[in-house]
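> Input model-v5.cif, format and content: mmCIF, C-alpha atoms.
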data_final
loop_
_atom_site.label_atom_id
_atom_site.label_comp_id
_atom_site.auth_asym_id
_atom_site.auth_seq_id
_atom_site.Cartn_x
_atom_site.Cartn_y
_atom_site.Cartn_z
CA MET A 1 -15.17 16.09 39.48
CA ASN A 2 -13.36 13.70 37.13
CA VAL A 3 -16.43 11.49 36.90
CA TRP A 4 -18.51 14.38 35.54
CA LYS A 5 -15.84 15.27 33.01
CA THR A 6 -15.72 11.65 31.85
CA LEU A 7 -19.51 11.49 31.55
CA GLY A 8 -19.58 14.76 29.62
CA LEU A 9 -16.85 13.56 27.26
CA ALA A 10 -18.69 10.25 26.74
CA GLY A 11 -21.87 12.17 25.93
CA MET A 12 -20.08 14.33 23.39
CA VAL A 13 -18.56 11.25 21.75
CA GLY A 14 -22.02 9.66 21.59
CA VAL A 15 -23.52 12.72 19.92
CA ALA A 16 -20.69 12.85 17.39
CA ALA A 17 -21.05 9.15 16.59
CA THR A 18 -24.80 9.52 16.12
CA GLY A 19 -24.26 12.45 13.79
CA ALA A 20 -21.76 10.45 11.76
CA LEU A 21 -24.26 7.61 11.37
CA VAL A 22 -26.98 10.00 10.26
CA VAL A 23 -24.72 11.54 7.63
CA ARG A 24 -23.68 8.10 6.42
CA SER A 25 -27.27 6.89 6.02
CA GLU A 26 -28.20 10.14 4.25
CA ARG A 27 -25.42 9.59 1.74
CA LYS A 28 -26.66 6.06 1.06
CA ARG A 29 -30.19 7.35 0.58
CA ARG A 30 -29.14 10.04 -1.86
CA ALA A 31 -27.06 7.57 -3.87
CA TYR A 32 -30.24 6.24 -5.54
CA ALA A 33 -31.24 7.64 -8.89
CA PRO A 34 -34.77 9.11 -9.02
CA GLU A 35 -35.86 6.38 -11.45
CA GLU A 36 -34.71 3.68 -9.02
CA VAL A 37 -36.66 5.24 -6.18
CA ARG A 38 -39.77 5.60 -8.36
CA ASP A 39 -39.56 1.97 -9.52
CA GLN A 40 -39.13 0.75 -5.95
CA LEU A 41 -42.14 2.75 -4.77
CA HIS A 42 -44.25 1.43 -7.64
CA ARG A 43 -43.30 -2.14 -6.74
CA ARG A 44 -44.21 -1.57 -3.08
CA PHE A 45 -47.55 -0.03 -4.06
CA GLU A 46 -48.40 -2.96 -6.35
CA ALA A 47 -47.53 -5.43 -3.59
CA MET A 48 -49.74 -3.61 -1.08
CA SER A 49 -52.68 -3.05 -3.42
CA GLY A 50 -52.93 -6.78 -4.14
CA GLU A 51 -53.85 -7.55 -0.53
CA PRO A 52 -57.49 -7.09 0.53
CA ASP A 53 -58.18 -4.55 3.24
CA PRO A 54 -59.36 -6.05 6.53
CA ALA A 55 -62.95 -5.26 7.44
CA PRO A 56 -63.09 -2.55 10.10
CA THR A 57 -64.49 -3.69 13.40
CA PRO A 58 -67.26 -1.50 14.76
CA LEU A 59 -66.41 0.42 17.89
CA PRO A 60 -68.36 -0.59 20.98
CA SER A 61 -71.07 1.80 22.05
CA ARG A 62 -70.85 3.77 25.26
CA GLY A 63 -73.26 1.36 26.96
CA GLN A 64 -71.24 -1.67 25.91
CA ARG A 65 -68.06 -0.08 27.28
CA LEU A 66 -69.83 0.71 30.55
CA LEU A 67 -71.06 -2.88 30.85
CA GLY A 68 -67.57 -4.16 30.19
CA THR A 69 -66.21 -1.91 32.92
CA LEU A 70 -68.87 -3.04 35.36
CA ARG A 71 -68.19 -6.70 34.60
CA PHE A 72 -64.49 -6.14 35.20
CA SER A 73 -65.10 -4.39 38.52
CA ARG A 74 -67.38 -7.20 39.76
CA ALA A 75 -64.79 -9.84 38.96
CA ARG A 76 -62.39 -8.46 41.60
#
Could you write out this structure as structure tokens?

Amino acid sequence: MNVWKTLGLAGMVGVAATGALVVRSERKRRAYAPEEVRDQLHRRFEAMSGEPDPAPTPLPSRGQRLLGTLRFSRAR
């Protein structure tokens, strides 16, 4: 019975510690002024918009997928 009590107590301590970390990170996040957040987002957007988008690869047709499956099954 003592093992279960110890495990339960350890679980409660873990939940409390996780909650404390969440509150701490939330305080750090709210410490930014709205202008700082806006400037940071604008900088991130400019950095991302400078990179070209990769060309999308066409999805294989149903027949191509079936052939790929058949090739795989023959290789066994």
> Would you compute an axis-aligned box for segment 38-50 of chain A, covering every atom listed for it in the file with 8 Å of margin on each side, and report centre and edge lengths in Å to one decimal as JSON?

{"center_x": -46.0, "center_y": -0.6, "center_z": -5.3, "size_x": 29.8, "size_y": 28.4, "size_z": 24.4}
> Quick check, in Å to one decimal: how far apart do atom CA of Arg30 of chain A and atom CA of Val13 of chain A lie?
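Those two atoms sit 25.9 Å apart.
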> Do you have the atom CA of Leu21 of chain A-atom CA of Phe45 of chain A distance handy?
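These two atoms are separated by 29.0 Å.
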> How far is it from atom CA of Gln40 of chain A to atom CA of Glu26 of chain A, in Å with one decimal?
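Answer for the atom CA of Gln40 of chain A to atom CA of Glu26 of chain A separation: 17.7 Å.
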